[in-house]
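Undergrad: Sharing a structure with you now.
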Amino acid sequence: MIKTVKLKNQDELLLVLGIQDSKLRALEKEMRVECFIKYNAQEDGAELSIKGTNSRVDKALAKIQKELALSEQKKPLTLLKDIKPFADNIVFRPEHARPIEARTENQKAYIEAVFANDLVLSTGPAGTGKTFLACACALRALELGMVERVIVTRPIVEAGEKLGFLPGNIEEKVDPYLRPIYDAFYDMLGGERFRAMKYNNVLEIVPLAYMRGRTLEKAFIILDEAQNTLPAQMKMFLTRMGVKSKMIVNGDLTQIDLPRKSESGLLQAADVLKKVDGVAFIQFGQADVVRHPLVKNILSAYEKWEKKHPQKETK
């Protein structure tokens with residue numbers, strides 16, 4: 001048996017779901033039912049479906065309706081859009097792994113910026129969680145019904161001779177370059193759900209070259225390793241954004257693999273878009289590195305060495 005109840009606005013969403021869906025999950029456990037939320041992107045509300053045996057569904061529905069009725073007599077709740085999109089620094093809760101959480105102040109600011117803006121550009125060294133948190137935010141947005149699919153892309157710098165010598169078809173050739181993204185989603189979703197989302201095109205992981213000519217609507221789009229894009233590639237990517245979509249652009253300006261580092265599309269985009277409304281910029285530093293403690297020391301040592309030994313660009 002399935003019954004539905006409409007949540008008219010964000011006040012009712014917050015009342016029934018709770019922070020990070022905590023109240024909804026507690027209701028499922030208490031009443032032994034399954035709940036599904038379908039977010040209405042055109043309005044403020046959503047539709048909640050309750051699945052289970054007749055008696056359990058009726059009890060769960062009655063409890064929700066009672067809370068909604070009582071809330072009419074109380075002081076209005078804080079709007080969902082006015083609070084953080086995560087509780088206790090947690091942005092996404094995988095079914096079979098520990099919750100994904102912000103571990104530094106910059107990571108918190110990053111997550112907040114993603115949910116408050118349609119375009120976020122972030123830069124910082126390896127190990128600061130840029131890619132992993134972007135994937136977690138994408139899954140959370142998908143979970144809330146804010147978007148219908150997730151698309152992740154990165155430039156393939158070695159797109160010529162070296163790539164051509166790799167065995168297999170085009171998907172097998174680019175797979176090694178996209179492997180870090182596969183690993184992030186695999187860790188959060190588990191193998192079965194990851195494969196199902198890929199098969200149904202809810203999750204798409206593609207080389208940047210495959211983005212040309214597309215308009216991506218109701219999508220959460222992530223560009224990883226953006227420091228290795230050329231200005232024309234960056235412009236092409238940014239103009240793929242369609243209605244009700246979000247974009248995240250991540251890169252490490254210390255790891256530009258282009259022949260001329262000054263031609264990085266990420267460098268140009270940061271300058272071009274710095275005064276554009278709706279675009280947020282996040283800068284990570286060594287303090288945000290969440291890998292092995294030795295990584296911070298390695299990055300610091302390289303930074304000092306590079307200042308003493310500046311490299312000349314090749315023409």
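Quick note on naming: the chains in the structure tokens go A, B, ... in the order shown, residues restart at 1 in each chain, and ligands are numbered from 1 in order of appearance.
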May I have all residues of range 198-245 of chain A that DSSP, computed from the backbone, assigns to alpha helix (DSSP H), given as a count of residues only?
TA: 10
Undergrad: Show me, as a compact mmCIF listing (two decimals) with C-alpha atoms, in the first residue's frame, the residues that have an atom within 8 Å of range 56-59 of chain A when counting only C-alpha atoms, minus same-chain residues fewer than 6 positions from it.
TA:
```txt
# COMPACT_ATOMS: atom_id res chain seq x y z
CA MET A 1 0.00 0.00 0.00
CA ILE A 2 1.20 3.51 -0.85
CA LYS A 3 -0.28 6.79 0.35
CA MET A 31 6.48 2.55 11.88
CA ARG A 32 8.37 0.03 9.72
CA VAL A 33 7.46 1.77 6.48
CA ILE A 50 4.64 6.20 2.37
```
Undergrad: Looking at only C-alpha atoms, which of A:Ile100, A:Phe284, A:Glu306, A:Glu12 is the one that sits closest to Ala69 in chain A?
TA: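 Result for the nearest residue to Ala69 in chain A: A:Glu12.
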Undergrad: Smallest atom-to-atom distance to Gly127 in chain A: which of A:Gly278, A:Gly285, A:Pro231, A:Gly213, using only C-alpha atoms?
TA: A:Gly285
Undergrad: Could you check how far CA of Leu133 in chain A sits from CA of Leu119 in chain A, in Å to one decimal?
TA: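 Taking CA of Leu133 in chain A as the start and CA of Leu119 in chain A as the end point, the length is 15.0 Å.
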Undergrad: Residues of range 142-251 of chain A classed as strand (DSSP E) by DSSP on the backbone are to be reported as JSON, numbers by chain.
TA: {"A": [149, 150, 151, 152, 153, 154, 203, 204, 205, 206, 207, 219, 220, 221, 222, 223, 246, 247, 248, 249, 250, 251]}
Undergrad: Restrict the selected residues to N, CA, C and O atoms and save them as a CSV table (one decimal), in the first residue's frame.
TA:
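Written file, selection24.csv:
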```csv
chain,number,residue,atom,x,y,z
A,149,ARG,N,19.9,14.3,-12.5
A,149,ARG,CA,21.0,13.5,-12.9
A,149,ARG,C,22.3,14.2,-12.5
A,149,ARG,O,22.3,15.4,-12.2
A,150,VAL,N,23.4,13.4,-12.4
A,150,VAL,CA,24.7,14.0,-12.1
A,150,VAL,C,25.7,13.7,-13.2
A,150,VAL,O,25.7,12.5,-13.7
A,151,ILE,N,26.4,14.7,-13.6
A,151,ILE,CA,27.3,14.6,-14.7
A,151,ILE,C,28.7,15.1,-14.2
A,151,ILE,O,28.8,16.2,-13.7
A,152,VAL,N,29.7,14.2,-14.3
A,152,VAL,CA,31.1,14.6,-13.9
A,152,VAL,C,32.0,14.4,-15.1
A,152,VAL,O,31.9,13.4,-15.8
A,153,THR,N,32.8,15.4,-15.3
A,153,THR,CA,33.8,15.4,-16.4
A,153,THR,C,35.1,15.9,-16.0
A,153,THR,O,35.3,16.6,-15.0
A,154,ARG,N,36.1,15.6,-16.8
A,154,ARG,CA,37.5,16.2,-16.6
A,154,ARG,C,38.2,16.1,-17.9
A,154,ARG,O,37.9,15.3,-18.8
A,203,LEU,N,23.7,8.8,-13.4
A,203,LEU,CA,25.1,9.2,-13.2
A,203,LEU,C,25.9,9.0,-14.4
A,203,LEU,O,26.0,7.9,-15.0
A,204,GLU,N,26.5,10.1,-14.9
A,204,GLU,CA,27.3,10.1,-16.2
A,204,GLU,C,28.7,10.6,-15.9
A,204,GLU,O,28.8,11.7,-15.4
A,205,ILE,N,29.7,9.8,-16.3
A,205,ILE,CA,31.1,10.3,-16.1
A,205,ILE,C,31.8,10.2,-17.4
A,205,ILE,O,31.9,9.2,-18.0
A,206,VAL,N,32.1,11.4,-18.0
A,206,VAL,CA,32.6,11.5,-19.4
A,206,VAL,C,33.8,12.4,-19.5
A,206,VAL,O,34.0,13.3,-18.7
A,207,PRO,N,34.6,12.3,-20.6
A,207,PRO,CA,35.7,13.2,-20.8
A,207,PRO,C,35.1,14.6,-21.2
A,207,PRO,O,33.9,14.6,-21.8
A,219,ALA,N,20.5,19.3,-13.9
A,219,ALA,CA,21.6,18.4,-13.7
A,219,ALA,C,22.6,19.1,-12.7
A,219,ALA,O,22.7,20.3,-12.6
A,220,PHE,N,23.3,18.2,-12.0
A,220,PHE,CA,24.4,18.7,-11.1
A,220,PHE,C,25.7,18.3,-11.9
A,220,PHE,O,26.0,17.1,-12.1
A,221,ILE,N,26.5,19.3,-12.3
A,221,ILE,CA,27.6,19.1,-13.2
A,221,ILE,C,28.9,19.4,-12.5
A,221,ILE,O,29.0,20.6,-12.0
A,222,ILE,N,29.9,18.5,-12.5
A,222,ILE,CA,31.1,18.8,-11.9
A,222,ILE,C,32.3,18.7,-12.9
A,222,ILE,O,32.3,17.7,-13.7
A,223,LEU,N,33.1,19.7,-12.9
A,223,LEU,CA,34.3,19.7,-13.8
A,223,LEU,C,35.5,19.5,-12.8
A,223,LEU,O,35.8,20.4,-12.0
A,246,LYS,N,23.2,23.0,-11.6
A,246,LYS,CA,24.3,23.5,-10.7
A,246,LYS,C,25.6,23.1,-11.3
A,246,LYS,O,25.7,21.9,-11.9
A,247,MET,N,26.6,23.9,-11.2
A,247,MET,CA,28.0,23.5,-11.7
A,247,MET,C,29.0,23.7,-10.6
A,247,MET,O,29.0,24.7,-9.8
A,248,ILE,N,29.9,22.8,-10.5
A,248,ILE,CA,31.1,23.0,-9.6
A,248,ILE,C,32.3,22.8,-10.5
A,248,ILE,O,32.4,21.8,-11.3
A,249,VAL,N,33.3,23.7,-10.4
A,249,VAL,CA,34.6,23.6,-11.1
A,249,VAL,C,35.7,23.5,-10.1
A,249,VAL,O,35.9,24.4,-9.3
A,250,ASN,N,36.4,22.4,-10.1
A,250,ASN,CA,37.5,22.2,-9.1
A,250,ASN,C,38.8,22.1,-9.8
A,250,ASN,O,38.9,21.6,-11.0
A,251,GLY,N,39.9,22.6,-9.2
A,251,GLY,CA,41.2,22.5,-9.8
A,251,GLY,C,42.3,22.8,-8.8
A,251,GLY,O,42.1,23.4,-7.8
```
Undergrad: Go through A:Met211, A:Leu70, A:Met241, A:Cys137 and flag the residue nearest Ala113 in chain A, using only C-alpha atoms for the distances.
TA: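 Closest to Ala113 in chain A of all the choices is A:Cys137.
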Undergrad: For range 174-189 of chain A, find every residue with an atom within 7 Å (counting only C-alpha atoms), except residues of its own chain fewer than 4 positions away, and show them as a list of chain:residue names.
TA: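 That gives A:Pro94, A:Ala97, A:Phe132, A:Cys135, A:Ile156, A:Ile170, A:Arg193, A:Phe194.
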Undergrad: What gap, in Å, lies between CA of Val272 in chain A and CA of Asp252 in chain A?
TA: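 Between these atoms lies a distance of 17.9 Å.
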Undergrad: Could you tell me how far CA of Pro310 in chain A lies from CA of Leu258 in chain A, in Å and to one decimal?
TA: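 Between these atoms lies a distance of 16.3 Å.
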